Amino acid sequence: MSGFLTQSCLRQLTRGPLRQGSLPIFLAPAFSQLPRTQSFSTTSPTQSRVGAAAIAIPPEVSLKFIDLPQVAVRGVTKDIPTTRVEIKGPLGELSLTPPSFLTIDHDEAARKASLSVVDATIAHQRAMWGTMRALLQNSVLGVSEGHVCILSLVGVGYRAMIEPTATTVESEYEGQQFVNLKVGFSHPVELGIPKGVKASTPQPTRILLEGIDKIAVNQFAAEIREWRRPEPYKGKGIFINDETIKLKAKKIR
């Protein structure tokens, strides 16, 4: 007799408890002690550490909650938001639309805001709990202090300039400026600065991006970096903030 279980024995094990005659007698004592179900994790769902943390609201920042109109759409299963939050500060105004299962409690006296979800045992709600808390925190910091991103151009002859006009791209809005990159291409690389983002070049090899929307600032920085991503052999490229790269040994044939 072989030491492997037959297909019928395996099906019996996966369906439920052992029945008489489904296994050889000498295997029954060992398999009778197996649990009926086995999970990968033995810990129970816990409260989100990030989502449950309170957000400090500066005195110059105000939150306004606006109820959204509810439209009954038949056959739609996706979440329909019920509230929009407007965050106003000295640097500007941003809006955030949380999902319907998330609630924002604003304590005006304590100048704090906390987030909660309907059912913390649902994985999607726990994931969005921390995400929405981070988005609200970034919005509060953006309208009060602003977000900054610094790009460093590393390479011989690499430099950047801010120009009011461009020859290769068209202006998207009135008064738009453009970033002109000299990063080793024979053609000019011109990128339009998005609305709400301010760009400057304190040095020819430095680009300073500022704005109240962290997503817009980082997205534009990623678009600039994409033209010369850091390479691991000479260490040349466009680096964002404190980004570093580990150099590789040159290939010698």
# chains A, B, ... in the order shown; residues from 1 in each chain; ligands from 1

call {"tool": "residues_around", "arguments": {"residues": "A:Gly92", "least_positions_apart": "3", "cutoff": "8 Å", "atoms": "only C-alpha atoms", "output": "short mmCIF file (atom, residue, chain, number, x, y, z; two decimals) with C-alpha atoms, in the first residue's frame"}}
result
data_model
loop_
_atom_site.label_atom_id
_atom_site.label_comp_id
_atom_site.auth_asym_id
_atom_site.auth_seq_id
_atom_site.Cartn_x
_atom_site.Cartn_y
_atom_site.Cartn_z
CA LYS A 88 -10.47 76.60 4.03
CA GLY A 89 -7.25 78.20 5.17
CA VAL A 143 -4.26 75.13 3.23
CA ILE A 212 -1.70 73.32 -1.33
#

call {"tool": "select_by_dssp", "arguments": {"residues": "stretch 20-236 of chain A", "states": "strand (DSSP E or B)", "output": "count of residues only"}}
result
67

call {"tool": "atom_distance", "arguments": {"atom1": "atom CA of A:Val189", "atom2": "atom CA of A:Arg229"}}
result
14.4 Å

call {"tool": "residues_around", "arguments": {"residues": "A:Asp107", "least_positions_apart": "6", "cutoff": "10 Å", "atoms": "only C-alpha atoms", "output": "list in words"}}
result
Ala56, Ile57, Ala113 and Ser114 of chain A

call {"tool": "closest_atom_pairs", "arguments": {"of": "stretch 58-155 of chain A", "to": "stretch 236-241 of chain A", "cutoff": "7 Å", "atoms": "only C-alpha atoms", "output": "tab-separated table"}}
result
residue	atom	partner	partner_atom	distance
A:Cys149	CA	A:Asn241	CA	6.2
A:Ile150	CA	A:Asn241	CA	5.0
A:Leu151	CA	A:Ile240	CA	4.6
A:Ser152	CA	A:Phe239	CA	5.1
A:Leu153	CA	A:Ile238	CA	4.7
A:Val154	CA	A:Lys236	CA	5.1
A:Gly155	CA	A:Lys236	CA	5.1

call {"tool": "residues_around", "arguments": {"residues": "A:Met132", "least_positions_apart": "2", "cutoff": "9 Å", "atoms": "only C-alpha atoms", "output": "PDB file with C-alpha atoms, in the first residue's frame"}}
result
ATOM      1  CA  GLY A  51      -7.554  56.151  10.972  1.00  0.00           C
ATOM      2  CA  LEU A  96     -12.775  66.179   0.098  1.00  0.00           C
ATOM      3  CA  PRO A  98     -15.467  60.757   1.934  1.00  0.00           C
ATOM      4  CA  PRO A  99     -17.402  57.539   1.248  1.00  0.00           C
ATOM      5  CA  LEU A 102     -17.111  57.003   6.877  1.00  0.00           C
ATOM      6  CA  LEU A 115     -12.855  59.665  11.676  1.00  0.00           C
ATOM      7  CA  ALA A 127      -8.425  50.355   4.301  1.00  0.00           C
ATOM      8  CA  MET A 128     -10.307  53.541   3.415  1.00  0.00           C
ATOM      9  CA  TRP A 129     -10.321  54.584   7.083  1.00  0.00           C
ATOM     10  CA  GLY A 130      -6.586  55.282   7.135  1.00  0.00           C
ATOM     11  CA  ALA A 134      -4.298  60.845   5.532  1.00  0.00           C
ATOM     12  CA  LEU A 135      -6.066  62.791   2.770  1.00  0.00           C
ATOM     13  CA  LEU A 136      -7.803  65.025   5.311  1.00  0.00           C
ATOM     14  CA  GLN A 137      -4.533  65.581   7.179  1.00  0.00           C
TER      15      GLN A 137
END

call {"tool": "residues_around", "arguments": {"residues": "A:Gly146", "least_positions_apart": "5", "cutoff": "7 Å", "atoms": "only C-alpha atoms", "output": "JSON, numbers by chain"}}
result
{"A": [141, 210, 211, 212]}

call {"tool": "closest_residue", "arguments": {"among": "A:Val61, A:Leu191, A:Val197, A:Leu91", "to": "A:Ile162", "atoms": "only C-alpha atoms"}}
result
A:Leu191

call {"tool": "closest_residue", "arguments": {"among": "A:Thr168, A:Gln219, A:Ser62, A:Thr121", "to": "A:Glu93", "atoms": "only C-alpha atoms"}}
result
A:Ser62

call {"tool": "closest_residue", "arguments": {"among": "A:Val179, A:Val85, A:Val148, A:Val118", "to": "A:Asp67", "atoms": "only C-alpha atoms"}}
result
A:Val85
